[in-house]
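For reference, structure-v4.cif is printed below; it contains mmCIF, C-alpha atoms.
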```cif
data_query
loop_
_atom_site.label_atom_id
_atom_site.label_comp_id
_atom_site.auth_asym_id
_atom_site.auth_seq_id
_atom_site.Cartn_x
_atom_site.Cartn_y
_atom_site.Cartn_z
CA MET A 808 -26.73 -36.22 -66.03
CA ARG A 809 -29.39 -37.40 -63.63
CA THR A 810 -28.11 -39.25 -60.60
CA SER A 811 -29.74 -42.41 -59.25
CA PHE A 812 -30.99 -42.02 -55.69
CA ALA A 813 -32.71 -45.41 -55.54
CA CYS A 814 -30.56 -46.55 -52.63
CA LEU A 815 -31.51 -43.61 -50.43
CA ALA A 816 -34.40 -43.43 -47.97
CA LYS A 817 -37.82 -42.40 -49.17
CA PRO A 818 -38.50 -38.64 -49.05
CA ILE A 819 -40.60 -37.41 -46.14
CA LEU A 820 -43.27 -34.80 -46.85
CA HIS A 821 -44.33 -32.72 -43.87
CA GLY A 822 -47.59 -31.19 -45.05
CA TYR A 823 -51.27 -30.54 -44.62
CA PHE A 824 -54.00 -32.20 -46.66
CA ARG A 825 -55.57 -28.92 -47.86
CA SER A 826 -52.36 -26.94 -48.35
CA SER A 827 -51.88 -25.88 -51.98
CA CYS A 828 -48.11 -26.06 -51.64
CA SER A 829 -48.22 -29.54 -50.10
CA TRP A 830 -50.57 -30.69 -52.86
CA ARG A 831 -48.15 -29.44 -55.53
CA VAL A 832 -45.43 -31.66 -54.09
CA ARG A 833 -47.79 -34.65 -53.87
CA ILE A 834 -48.72 -34.21 -57.54
CA ALA A 835 -45.08 -34.01 -58.58
CA PHE A 836 -44.18 -37.12 -56.60
CA ALA A 837 -47.12 -38.97 -58.15
CA LEU A 838 -46.22 -37.91 -61.70
CA LYS A 839 -42.63 -39.02 -61.18
CA GLY A 840 -43.67 -42.27 -59.50
CA ILE A 841 -41.72 -41.42 -56.34
CA GLU A 842 -42.70 -43.25 -53.16
CA TYR A 843 -42.63 -41.08 -50.06
CA ASP A 844 -43.78 -40.92 -46.47
CA GLN A 845 -46.09 -38.26 -45.07
CA VAL A 846 -45.97 -36.56 -41.68
CA PRO A 847 -49.13 -34.49 -41.17
CA VAL A 848 -48.73 -30.95 -39.84
CA ASN A 849 -52.14 -29.65 -38.77
CA LEU A 850 -52.30 -25.92 -39.49
CA VAL A 851 -55.27 -25.43 -37.16
CA LYS A 852 -54.94 -27.94 -34.30
CA ASP A 853 -53.11 -26.83 -31.15
CA GLY A 854 -53.02 -23.29 -32.48
CA GLY A 855 -51.15 -24.49 -35.56
CA GLN A 856 -48.58 -27.27 -35.34
CA GLN A 857 -46.43 -25.47 -37.91
CA LEU A 858 -45.69 -22.84 -35.25
CA SER A 859 -43.97 -25.28 -32.90
CA ASP A 860 -40.26 -24.96 -32.15
CA GLN A 861 -39.77 -28.52 -33.39
CA TYR A 862 -41.26 -27.75 -36.81
CA LYS A 863 -39.45 -24.41 -37.08
CA VAL A 864 -36.19 -26.38 -37.33
CA LEU A 865 -37.53 -27.95 -40.55
CA ASN A 866 -39.08 -24.80 -41.99
CA PRO A 867 -38.04 -21.46 -40.44
CA MET A 868 -41.02 -19.78 -42.18
CA LYS A 869 -43.34 -22.05 -40.15
CA GLN A 870 -45.23 -23.05 -43.28
CA VAL A 871 -45.85 -26.29 -45.13
CA PRO A 872 -44.44 -28.15 -46.85
CA ALA A 873 -41.05 -29.22 -45.63
CA VAL A 874 -39.51 -32.11 -47.55
CA GLN A 875 -36.63 -34.20 -46.27
CA ILE A 876 -34.94 -35.71 -49.30
CA ASP A 877 -31.45 -37.00 -50.07
CA GLY A 878 -30.04 -35.70 -46.81
CA ILE A 879 -31.35 -32.14 -47.16
CA THR A 880 -34.56 -30.33 -46.23
CA LEU A 881 -36.36 -28.18 -48.79
CA CYS A 882 -39.23 -25.95 -47.77
CA GLN A 883 -40.55 -24.26 -50.90
CA SER A 884 -42.77 -26.31 -53.18
CA LEU A 885 -41.31 -25.10 -56.48
CA ALA A 886 -37.80 -25.76 -55.20
CA VAL A 887 -38.85 -29.33 -54.36
CA ILE A 888 -40.44 -29.82 -57.78
CA GLN A 889 -37.41 -28.50 -59.62
CA TYR A 890 -35.07 -30.60 -57.47
CA ILE A 891 -36.84 -33.85 -58.25
CA GLU A 892 -37.01 -32.81 -61.90
CA GLU A 893 -33.23 -32.49 -61.92
CA THR A 894 -32.51 -35.67 -59.95
CA ARG A 895 -35.24 -38.20 -60.80
CA PRO A 896 -36.28 -39.94 -64.00
CA GLY A 897 -39.84 -40.06 -65.23
CA PRO A 898 -42.03 -37.60 -67.09
CA ARG A 899 -40.46 -34.18 -67.50
CA LEU A 900 -42.03 -31.41 -65.42
CA LEU A 901 -40.14 -28.67 -67.27
CA PRO A 902 -39.97 -28.60 -71.08
CA THR A 903 -36.65 -28.89 -72.89
CA ASP A 904 -37.50 -25.92 -75.11
CA PRO A 905 -36.26 -22.74 -73.36
CA LYS A 906 -39.25 -20.63 -74.42
CA LYS A 907 -41.76 -23.16 -73.16
CA ARG A 908 -39.70 -23.67 -70.00
CA ALA A 909 -39.86 -19.92 -69.35
CA GLN A 910 -43.63 -19.95 -69.92
CA VAL A 911 -44.03 -22.80 -67.43
CA ARG A 912 -42.08 -20.82 -64.85
CA MET A 913 -44.08 -17.68 -65.65
CA VAL A 914 -47.42 -19.41 -65.03
CA SER A 915 -46.09 -21.19 -61.95
CA ASP A 916 -44.73 -17.98 -60.46
CA LEU A 917 -47.92 -16.04 -61.16
CA ILE A 918 -49.88 -18.60 -59.16
CA SER A 919 -47.35 -19.35 -56.43
CA SER A 920 -46.29 -15.72 -55.87
CA GLY A 921 -49.14 -13.59 -57.19
CA ILE A 922 -52.27 -15.44 -56.07
CA GLN A 923 -51.81 -18.18 -53.48
CA PRO A 924 -49.90 -16.22 -50.79
CA LEU A 925 -52.62 -13.57 -50.64
CA GLN A 926 -55.23 -16.16 -49.61
CA ASN A 927 -52.92 -18.22 -47.42
CA LEU A 928 -54.12 -19.19 -43.94
CA SER A 929 -51.75 -16.87 -42.09
CA VAL A 930 -52.93 -13.89 -44.16
CA LEU A 931 -56.63 -14.72 -43.79
CA GLN A 932 -56.25 -15.04 -40.03
CA LYS A 933 -55.02 -11.44 -39.95
CA ILE A 934 -57.85 -10.21 -42.19
CA GLY A 935 -60.54 -11.63 -39.91
CA ALA A 936 -64.22 -11.19 -40.75
CA GLU A 937 -63.60 -10.03 -44.31
CA LYS A 938 -61.40 -13.01 -45.19
CA VAL A 939 -63.77 -14.59 -47.73
CA GLN A 940 -64.23 -11.36 -49.67
CA TRP A 941 -60.48 -10.76 -49.50
CA ALA A 942 -59.69 -14.22 -50.89
CA GLN A 943 -62.33 -13.89 -53.61
CA HIS A 944 -60.92 -10.52 -54.69
CA PHE A 945 -57.32 -11.67 -55.02
CA ILE A 946 -58.10 -15.02 -56.63
CA THR A 947 -60.33 -13.29 -59.18
CA ARG A 948 -57.71 -10.62 -59.85
CA GLY A 949 -55.11 -13.33 -60.37
CA PHE A 950 -57.34 -15.36 -62.67
CA GLU A 951 -58.02 -12.25 -64.75
CA ALA A 952 -54.30 -12.15 -65.50
CA LEU A 953 -53.85 -15.92 -65.79
CA GLU A 954 -56.70 -16.55 -68.25
CA PRO A 955 -55.29 -14.53 -71.20
CA MET A 956 -51.83 -15.86 -70.42
CA LEU A 957 -53.03 -19.47 -70.66
CA LYS A 958 -54.99 -18.71 -73.84
CA GLU A 959 -51.61 -17.98 -75.43
CA THR A 960 -49.63 -20.88 -73.97
CA ALA A 961 -52.10 -23.74 -73.57
CA GLY A 962 -52.55 -26.80 -75.68
CA THR A 963 -53.96 -29.83 -73.94
CA TYR A 964 -52.29 -28.56 -70.77
CA CYS A 965 -51.10 -25.19 -69.47
CA VAL A 966 -48.09 -24.98 -71.78
CA GLY A 967 -48.43 -27.06 -74.90
CA ASP A 968 -49.38 -30.71 -74.79
CA GLU A 969 -47.20 -32.00 -71.96
CA ILE A 970 -47.98 -31.83 -68.24
CA SER A 971 -45.63 -29.45 -66.47
CA MET A 972 -45.00 -27.61 -63.22
CA ALA A 973 -47.56 -25.03 -64.39
CA ASP A 974 -50.33 -27.65 -64.29
CA ILE A 975 -49.13 -28.76 -60.87
CA CYS A 976 -49.66 -25.19 -59.63
CA LEU A 977 -52.97 -24.62 -61.41
CA VAL A 978 -55.09 -27.44 -59.99
CA PRO A 979 -54.65 -26.61 -56.27
CA GLN A 980 -55.38 -22.95 -57.02
CA VAL A 981 -58.65 -23.79 -58.76
CA TYR A 982 -59.53 -25.96 -55.76
CA ASN A 983 -58.99 -22.90 -53.55
CA ALA A 984 -61.15 -20.80 -55.84
CA ASP A 985 -63.93 -23.36 -55.42
CA ARG A 986 -63.46 -23.36 -51.63
CA PHE A 987 -63.95 -19.60 -51.56
CA LYS A 988 -66.87 -19.77 -54.01
CA VAL A 989 -65.16 -17.86 -56.79
CA ASP A 990 -67.11 -18.02 -60.05
CA ILE A 991 -64.70 -19.45 -62.62
CA SER A 992 -67.14 -19.33 -65.55
CA PRO A 993 -65.49 -16.11 -66.84
CA PHE A 994 -62.25 -18.11 -67.14
CA PRO A 995 -63.00 -20.89 -69.67
CA THR A 996 -59.37 -21.81 -70.33
CA ILE A 997 -58.65 -22.26 -66.63
CA LYS A 998 -61.85 -24.27 -66.23
CA ARG A 999 -61.06 -26.53 -69.21
CA LEU A 1000 -57.51 -27.20 -68.12
CA ASN A 1001 -58.55 -28.03 -64.57
CA GLN A 1002 -61.21 -30.46 -65.76
CA THR A 1003 -58.70 -32.17 -68.06
CA LEU A 1004 -56.05 -32.45 -65.35
CA MET A 1005 -58.46 -33.81 -62.75
CA GLU A 1006 -59.01 -36.85 -64.97
CA ILE A 1007 -55.34 -37.80 -64.55
CA GLU A 1008 -54.49 -40.34 -61.86
CA ALA A 1009 -51.61 -38.35 -60.33
CA PHE A 1010 -53.92 -35.43 -59.66
CA LYS A 1011 -56.66 -37.70 -58.28
CA VAL A 1012 -54.51 -39.63 -55.79
CA SER A 1013 -52.90 -36.44 -54.51
CA HIS A 1014 -56.24 -34.68 -53.95
CA PRO A 1015 -56.87 -33.37 -50.40
CA SER A 1016 -59.76 -35.78 -49.93
CA CYS A 1017 -57.43 -38.77 -50.39
CA GLN A 1018 -54.83 -37.86 -47.77
CA PRO A 1019 -54.27 -39.64 -44.46
CA ASP A 1020 -54.87 -36.45 -42.47
CA SER A 1021 -58.03 -35.34 -44.29
CA PRO A 1022 -61.25 -35.40 -42.21
CA PRO A 1023 -63.42 -38.50 -42.67
CA ASP A 1024 -66.23 -36.49 -44.25
CA LEU A 1025 -63.88 -35.50 -47.11
CA HIS A 1026 -62.66 -39.01 -47.91
CA THR A 1027 -63.52 -40.32 -51.36
#
```
Any chance you could give the structure as structure tokens?
Amino acid sequence: MRTSFACLAKPILHGYFRSSCSWRVRIAFALKGIEYDQVPVNLVKDGGQQLSDQYKVLNPMKQVPAVQIDGITLCQSLAVIQYIEETRPGPRLLPTDPKKRAQVRMVSDLISSGIQPLQNLSVLQKIGAEKVQWAQHFITRGFEALEPMLKETAGTYCVGDEISMADICLVPQVYNADRFKVDISPFPTIKRLNQTLMEIEAFKVSHPSCQPDSPPDLHT
């Protein structure tokens, strides 16, 4: 049974406009129709505001996002998404069918564990001058695995014909691929799905260019 949390304070998202993980949470909130407040955490300014002692209390990994919700703090994007799936009404983000649910988690984990961390800011800062080539290599390697997987699972969206957590993970990763100038033409399923999803309002309003902390030249 899903519990009503309508009487509780709005969730607070501590995030960064361009962070893939923060964007996943924004998409999920938008799909579920959940109002929330944002507290920007600039990953570059002041040497990285996520490294402060104050922020470390919220997220010991010193990463974004951190989400304060229902009296607890969650600091992994998929944990946040699954929590609101289990506690809030609205469109389902995980299918009821166990096979499809497993496929959604498989796609989500491939992206969130197998691709995104390898081109995360903290990793690229350690790589230095070769960071673009590094990011391109690991995004391409990940997409080479993801493309045949999605060919098997996709309908209109990543798994069948309902938007799920897998779609929430896909769109920010394709955005990162574009940032690092990865050619996605060899991945037609990924390209098609991303184009379809970016026509949906929840993905538009949560886009990095629409966030309060995005630079003015990115605003749309």
So which residues get picked by the PyMOL selection byres ((chain A and resi 898) around 10) here, written as a PyMOL selection string? chain A and resi 835+838-840+892+895-897+899-901+969-971
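Going from CA of Tyr890 (chain A) over to CA of Ser919 (chain A), you cover 16.7 Å.
Rounded to one decimal, CA of Gln923 (chain A) and CA of Gln980 (chain A) lie 6.9 Å from each other.
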Selection dump of the PyMOL selection byres ((chain A and resi 998) around 12), as JSON, numbers by chain: {"A": [950, 953, 954, 957, 958, 964, 965, 977, 978, 980, 981, 982, 984, 985, 989, 990, 991, 992, 993, 994, 995, 996, 997, 999, 1000, 1001, 1002, 1003, 1004, 1005]}
Two-atom distance - CA of Lys938 (chain A), CA of Gln870 (chain A) (Å): 19.1 Å
Could you write out as a ChimeraX atom specification the residues that the PyMOL selection byres ((chain A and resi 927-932) around 12) matches in the shown file? /A:823,825-828,849-851,854-855,857-858,868-871,919-926,933-943,945-946,980,983,987
Hey, what's within 8 Å of Ser1013 (chain A) if we count only C-alpha atoms and toss same-chain stuff fewer than 4 positions away? As an MDAnalysis selection string, please? chainID A and resid 830 833:834 837 1009 1017:1018
Would you mind listing what lies within 7 Å of Cys976 (chain A) as a compact mmCIF listing (two decimals) with C-alpha atoms, in the coordinates of the input, with all atoms listed in the file counted and same-chain residues fewer than 6 positions away left out?
```txt
# COMPACT_ATOMS: atom_id res chain seq x y z
CA ARG A 831 -48.15 -29.44 -55.53
CA SER A 915 -46.09 -21.19 -61.95
CA ILE A 918 -49.88 -18.60 -59.16
```
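Among A:Val848, A:Ile891, A:Ile975, A:Ala952, the residue with the shortest atom-to-atom distance to Ile1007 (chain A), counting all atoms listed in the file, is A:Ile975.
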Find, counting all atoms listed in the file, the residue in A:Met972, A:Val914, A:Ala886, A:Val832 that gets nearest to Thr960 (chain A). A:Val914
